[in-house]
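To start, the structure under review is shown below, and the notes come after it.
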Amino acid sequence: MSGTARSQLRLLARDPVLLVLLTVIALSIAVFVVYPLVKVFMASLHVNDVWTLDGYRELAERRLYRNALVNSLSVAALVGIISVAIGYVAAFVLTRLEVPGKTLLHYITILPIVSPPFVSAVSILFLFGFNGLVTRQLLGLNDFSIYGFHGVVISQVFTFAPIAYLSLRGVLASLSPTLEDAALNIGATRWQTFWKVTFPLSLPGIASAFLVVFIESMADFGNPLVLAGAAFPMLAPQAYLEITGSFNLSRGATLAIVLLIPSMTAFAIQRYYLAKRQYITVTGKPTASTSKIVSNPMKWLLYGIVSFFAVLVTAFYAVIIVGAFTQVWGFNYTPTLAHFRYVFDVGLDSVKDTLIVAIVSTPISGILGMLVAFLVVRRVFPGRTALEFGSILSFAVPGTVVGIGYILAFNAPPIILTGTLAILVLCFVFRYVPVGIQSGIAVLRQIDPSIEEAAQNLGANGLTTFRKVTLPLIAPAFFSGLVYAFVRAMTAISAAIFLVSANWNLMTVQILNQVGSGRLGVSAAFSVVVIVIVLIAIGIISFLINRWTRHTSMVRFQ
Amino acid sequence: MTDSIRIVGLNKVFPSPGGGSVHAVKDINLDIGAGKLVTLLGPSGCGKTTLLRMIAGFEEPSSGDLFFGERRMNEEPPNTRDTAMVFQSYAVFPHLNVFENVAFGLRLRHLPKAEIEAKVTRVLEQTGLEGYAKRSPNQLSGGQQQRVALARCIVMEPKVLLFDEPLSNLDAKLREQMRVEIRELQQRLGITSIYVTHDQVEAMSISDEIVIMKSGVVEQLGTPQEIYARPANRFVADFIGKANIVEARIAGKNTIEINGVSIGVPLVPELPAGAEVSAILRPEAIHLSAEGGQFRGIVRRVMFLGNIAEYLVEVDGLGNWLVDISNPAEAGLFQAGSQVFLEPSAGSIHILG
Ligand SMILES: Nc1ncnc2c1ncn2[C@@H]1O[C@H](COP(=O)(O)OP(=O)(O)OP(=O)(O)O)[C@@H](O)[C@H]1O
Ligand SMILES: [Mg+2]
């Protein structure tokens, strides 16, 4: 074992470029991923200048915090179940059935992924709030409250069902339909075929999608903050309130740790248990994938469910757009540009800042992701697994925890970054690089290493090989890494809210402030601007990548 | 310019993931003359690919030395070794078309455009790929992709050509055709070549010399004829062609005794009379008749294969022997269960001490 490590070190010593790269990457992960977490952990054990477990004891004793934990967990579990159910039906209909308008439905279904965090919450307020279009104007209800458990669940389902859909789509698309044909062929009924073949085969994927949604829901900050209400405490907003409201850093840190534990557990299960149990059959052969296991009425029922969801998503967006052009929702529906005027006047700085942060962090994130993926898959060096783990760890760490970690870690020497552009960029890069790394790793593992060896064999050195062969081949992963980094930088809130300053402010934080002060119209206008910028950026990134690599058929945004 | 290859005491030890280690290549010594084609032949997992990858520079030897000509190559990175390798999986660049694939290495050398164009065009002709220059690899059949991999190598005019089971994915017909083409091309260009295969027919048909490997060790090195006629041990005898390995005893000068029957043989190891040895009897060097032979047996199984009939005969006191009879359609078949007499052709019996 030590002999192995020694020979790996010897190889490293002979490759100085690799050595420097690895050192820089490992150090930055240690400083910007691990160190802030350690700081949070230490702060949770350090109350009033003494080392103690009192913080945790108090948490356990007080109803408020116990409720926050129970509420967060139950919301996450229910949102996970509903999202997976919707996601599975949508994935099944859109990959396996012959129905009209599949492409359109697909894009509508994934639309919420690229939108800012408050769209569904604000839409819900527009529709079901005190002055809601449905609740007040249509039904004339006076005592209906959307705040609390149901409001958060509905809002989160709209935010996270698309994530479940995308991951289940991958699972279902890769299950060979011949398996179903085989079952039907040996006499199984359609119902039996589904429950005995299709469903069990997709079960690991379902569990995995559930856990991803669970993690996202636990970490979600925007929806609970707007819709939970005072009577329904939840962990992430509570941690934020402890810090910004009561200036109680150690209480916030303790809540953050409590928030971190279920997320990390779910992540560990997802990654180390389920990931190995996915029955994905990649044959490379296109299969005629129309499923024969649903009867016609069933097919249209499922199609109806998917269409209904799509209609709701569309309605939510329509409401946001209309709301952005409406004087005062609920009272005065006169069209106006006032909200946009506000955005480009008072809010212009935050628009600029957001764009700068996104434009700076996106390429760094994209390239770092591909580089780490490349090193992890193609190079041997001591600590490779640790590097992979460290670099994707932040996926499972709720933004609130990261935000608290960053203010604890970078507010005092040796590294002072609070209030700078750098802290936002670094936070976004290290928070959102895991998706690029993961897809890079997945694509690279499918590429025969001898393709790169062939390039070397023909005289290309390491760098030329990476540039001329590896990068073009992983272009699809590069693309999705870039898009993800940009979208997230434009729409992030949970960590960013701790890190913004007078000099560097973000649009999402503006949206939150406007919602907080009841100016829903302005927040809708901000949201519309964010969505437009994100869509334009996806267009530009895809144009650039297409120009740069010719095998465009592989590049698709999913 | 092509180079001879000299391998001295080469070892490769892989750490295995579950702890421990795999000794994939054990103390190999080889001399491969300039311009020769040598095959590495052996069962799966015997270290052929590993040896080849060490020559190409993709694996670092754990110990031992590798020379091209007089030059020690151990520390040379793969991109400056001037070897060209045809990978088992072809490794054709999927994002480049056929022309760009073949031009890849030349472009890295910054040759003038016109020269690249000329060289690539000529090689594409040689490999029967003219007209495919603009195709993308995923529009090619397996055989065509294999030619691209080959063209991409020979266009470099390398010092050493390395082939890792280049034909393993092709159908039988195309395989025969390609191996003739590879052999002709290699002889025309005179490039020292190492060819990995686990197909013995392929090895016999294209090699100047064959290296038989087992579990990382060289079992025998020789021309195809030498290896077939005088296998160094039971493993080689069995691996190359079919063999009946029969217990025998030295009876005197150039005479052995099998189950009491004395047979004169051409070559006998220097061993005292009475020493136990093994006799290798090739199935095609045994004569079968209805009456009159040195050994008697019962036919247990007959397989008619067209050009030959393959018999499994239970020989009295000696177990089962394989016997191949050529031109069976004319000779007529013995039925299973019938009694036959066997007479090994003494000249082709090989004795292992
Ligand atoms: N990178 C590696 N790490 C650990 N063990 C390895 C590695 N590469 C090869 N081995 C082991 O070394 C031995 C020789 O492998 P090699 O690939 O050279 O066999 P081969 O003769 O080419 O087999 P085949 O005919 O199946 O291609 C095998 O036992 C293999 O498992
Ligand atoms: Mg091999």
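Residues in the structure tokens are named by chain (A, B, ... in the order shown) and by number from 1 within that chain; ligands are numbered from 1 in the order shown.
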
Practice prompt. Specify as a VMD selection string all residues of chain B found within 6 Å of chain A, counting only C-alpha atoms.
Written response: chain B and resid 78 to 80 84 91 105

Keeping only C-alpha atoms, take the residues you just selected and write them out as a short mmCIF file (atom, residue, chain, number, x, y, z; two decimals), in the first residue's frame.
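again15.cif was written with the following content:
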data_model
loop_
_atom_site.label_atom_id
_atom_site.label_comp_id
_atom_site.auth_asym_id
_atom_site.auth_seq_id
_atom_site.Cartn_x
_atom_site.Cartn_y
_atom_site.Cartn_z
CA PRO B 78 4.81 7.99 -24.90
CA ASN B 79 4.45 10.97 -27.21
CA THR B 80 8.13 11.04 -28.15
CA ALA B 84 2.34 3.80 -33.41
CA ALA B 91 -9.64 4.43 -30.47
CA GLY B 105 -0.19 13.01 -35.88
#

Fill in: DSSP strand (DSSP E) selection over region 17-225 of chain B, as a ChimeraX atom specification
/B:21-32,37-41,63-68,71-72,83-86,160-164,192-197,209-214,217-222

Discussion item. To test your reading of the structure, identify every residue in region 110-235 of chain B that backbone DSSP assigns to helix (DSSP H, G or I), and report it as a PyMOL selection string.
Written reply: chain B and resi 113-126+137-139+142-154+172-189+200-206+224-229+234-235

Worksheet entry | Shell around Asn11 (chain B) at 8 Å using only C-alpha atoms, local window under 3 positions removed, as a PyMOL selection string | chain B and resi 23-28+61-64

Discussion item. Please find the residues contacting ligand 1 at a distance of at most 9 Å between atoms, with only C-alpha atoms and all ligand atoms counted, and report them as a ChimeraX atom specification.
Written reply: /B:12-17,21-25,40-53,59,88,164-165,196-198,213-216

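Nearest residue to Pro166 (chain B), choosing from B:Leu108, B:Leu288, B:Val120, B:Val148 and counting only C-alpha atoms: B:Val148.
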
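Interatomic distance, CA of Ala30 (chain A) against CA of Ala502 (chain A): 28.4 Å.
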
Discussion item. Which residues are near Arg249 (chain B)? Cut-off 12 Å, only C-alpha atoms, ignore same chain within fewer than 5 positions. Put them as an MDAnalysis selection string.
Written reply: chainID B and resid 254:264 268:269 271:279 351:353

Item to complete: Point out the residue among B:Ala290, B:Tyr195, B:Phe239, B:Leu267 with the least atom-to-atom distance to ligand 2, counting only C-alpha atoms and all ligand atoms.
Response: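 Among B:Ala290, B:Tyr195, B:Phe239, B:Leu267, it is B:Tyr195 that comes nearest to ligand 2.
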
Item to complete: Compile the contact shell of Glu291 (chain B) as JSON, numbers by chain: residues with an atom at most 10 Å away, counting only C-alpha atoms, same-chain residues fewer than 3 positions apart removed.
Response: {"B": [288, 294, 296, 339, 340, 341, 342]}

Generate the output file for the selected residues, all heavy atoms, as an mmCIF file, in the first residue's frame.
data_model
loop_
_atom_site.group_PDB
_atom_site.id
_atom_site.type_symbol
_atom_site.label_atom_id
_atom_site.label_comp_id
_atom_site.auth_asym_id
_atom_site.auth_seq_id
_atom_site.Cartn_x
_atom_site.Cartn_y
_atom_site.Cartn_z
ATOM 1 N N LEU B 288 -5.248 -43.806 -39.111
ATOM 2 C CA LEU B 288 -6.360 -44.594 -38.566
ATOM 3 C C LEU B 288 -6.765 -45.645 -39.595
ATOM 4 O O LEU B 288 -6.913 -45.327 -40.766
ATOM 5 C CB LEU B 288 -7.545 -43.640 -38.324
ATOM 6 C CG LEU B 288 -8.479 -43.902 -37.163
ATOM 7 C CD1 LEU B 288 -7.714 -43.961 -35.852
ATOM 8 C CD2 LEU B 288 -9.523 -42.785 -37.108
ATOM 9 N N GLN B 294 -0.321 -50.000 -34.476
ATOM 10 C CA GLN B 294 0.378 -50.267 -33.226
ATOM 11 C C GLN B 294 -0.560 -50.251 -32.027
ATOM 12 O O GLN B 294 -0.303 -50.912 -31.037
ATOM 13 C CB GLN B 294 1.493 -49.234 -33.028
ATOM 14 C CG GLN B 294 2.628 -49.426 -34.025
ATOM 15 C CD GLN B 294 3.421 -48.145 -34.169
ATOM 16 O OE1 GLN B 294 2.847 -47.097 -34.416
ATOM 17 N NE2 GLN B 294 4.725 -48.248 -34.023
ATOM 18 N N ARG B 296 -4.725 -50.081 -30.423
ATOM 19 C CA ARG B 296 -6.085 -50.401 -30.761
ATOM 20 C C ARG B 296 -7.038 -49.547 -29.931
ATOM 21 O O ARG B 296 -6.737 -49.219 -28.777
ATOM 22 C CB ARG B 296 -6.357 -51.880 -30.469
ATOM 23 C CG ARG B 296 -7.594 -52.406 -31.162
ATOM 24 C CD ARG B 296 -7.780 -53.832 -30.762
ATOM 25 N NE ARG B 296 -7.808 -53.904 -29.285
ATOM 26 C CZ ARG B 296 -8.452 -54.856 -28.606
ATOM 27 N NH1 ARG B 296 -9.102 -55.797 -29.238
ATOM 28 N NH2 ARG B 296 -8.433 -54.873 -27.280
ATOM 29 N N GLN B 339 -14.316 -50.451 -33.821
ATOM 30 C CA GLN B 339 -12.928 -50.658 -33.418
ATOM 31 C C GLN B 339 -11.996 -50.175 -34.500
ATOM 32 O O GLN B 339 -12.256 -50.390 -35.681
ATOM 33 C CB GLN B 339 -12.691 -52.141 -33.135
ATOM 34 C CG GLN B 339 -11.243 -52.451 -32.818
ATOM 35 C CD GLN B 339 -11.073 -53.914 -32.462
ATOM 36 O OE1 GLN B 339 -11.519 -54.395 -31.427
ATOM 37 N NE2 GLN B 339 -10.420 -54.644 -33.347
ATOM 38 N N VAL B 340 -10.938 -49.447 -34.071
ATOM 39 C CA VAL B 340 -9.980 -48.950 -35.072
ATOM 40 C C VAL B 340 -8.566 -49.218 -34.588
ATOM 41 O O VAL B 340 -8.325 -49.492 -33.417
ATOM 42 C CB VAL B 340 -10.152 -47.436 -35.296
ATOM 43 C CG1 VAL B 340 -11.403 -47.128 -36.086
ATOM 44 C CG2 VAL B 340 -10.130 -46.672 -33.979
ATOM 45 N N PHE B 341 -7.620 -49.113 -35.505
ATOM 46 C CA PHE B 341 -6.206 -49.237 -35.159
ATOM 47 C C PHE B 341 -5.497 -47.930 -35.482
ATOM 48 O O PHE B 341 -5.817 -47.258 -36.466
ATOM 49 C CB PHE B 341 -5.575 -50.407 -35.900
ATOM 50 C CG PHE B 341 -6.068 -51.719 -35.368
ATOM 51 C CD1 PHE B 341 -7.202 -52.319 -35.908
ATOM 52 C CD2 PHE B 341 -5.401 -52.331 -34.298
ATOM 53 C CE1 PHE B 341 -7.682 -53.514 -35.390
ATOM 54 C CE2 PHE B 341 -5.877 -53.530 -33.788
ATOM 55 C CZ PHE B 341 -7.018 -54.134 -34.331
ATOM 56 N N LEU B 342 -4.549 -47.547 -34.584
ATOM 57 C CA LEU B 342 -3.907 -46.246 -34.720
ATOM 58 C C LEU B 342 -2.412 -46.421 -34.900
ATOM 59 O O LEU B 342 -1.797 -47.268 -34.262
ATOM 60 C CB LEU B 342 -4.144 -45.396 -33.474
ATOM 61 C CG LEU B 342 -5.607 -45.169 -33.071
ATOM 62 C CD1 LEU B 342 -6.039 -46.208 -32.067
ATOM 63 C CD2 LEU B 342 -5.803 -43.765 -32.542
#
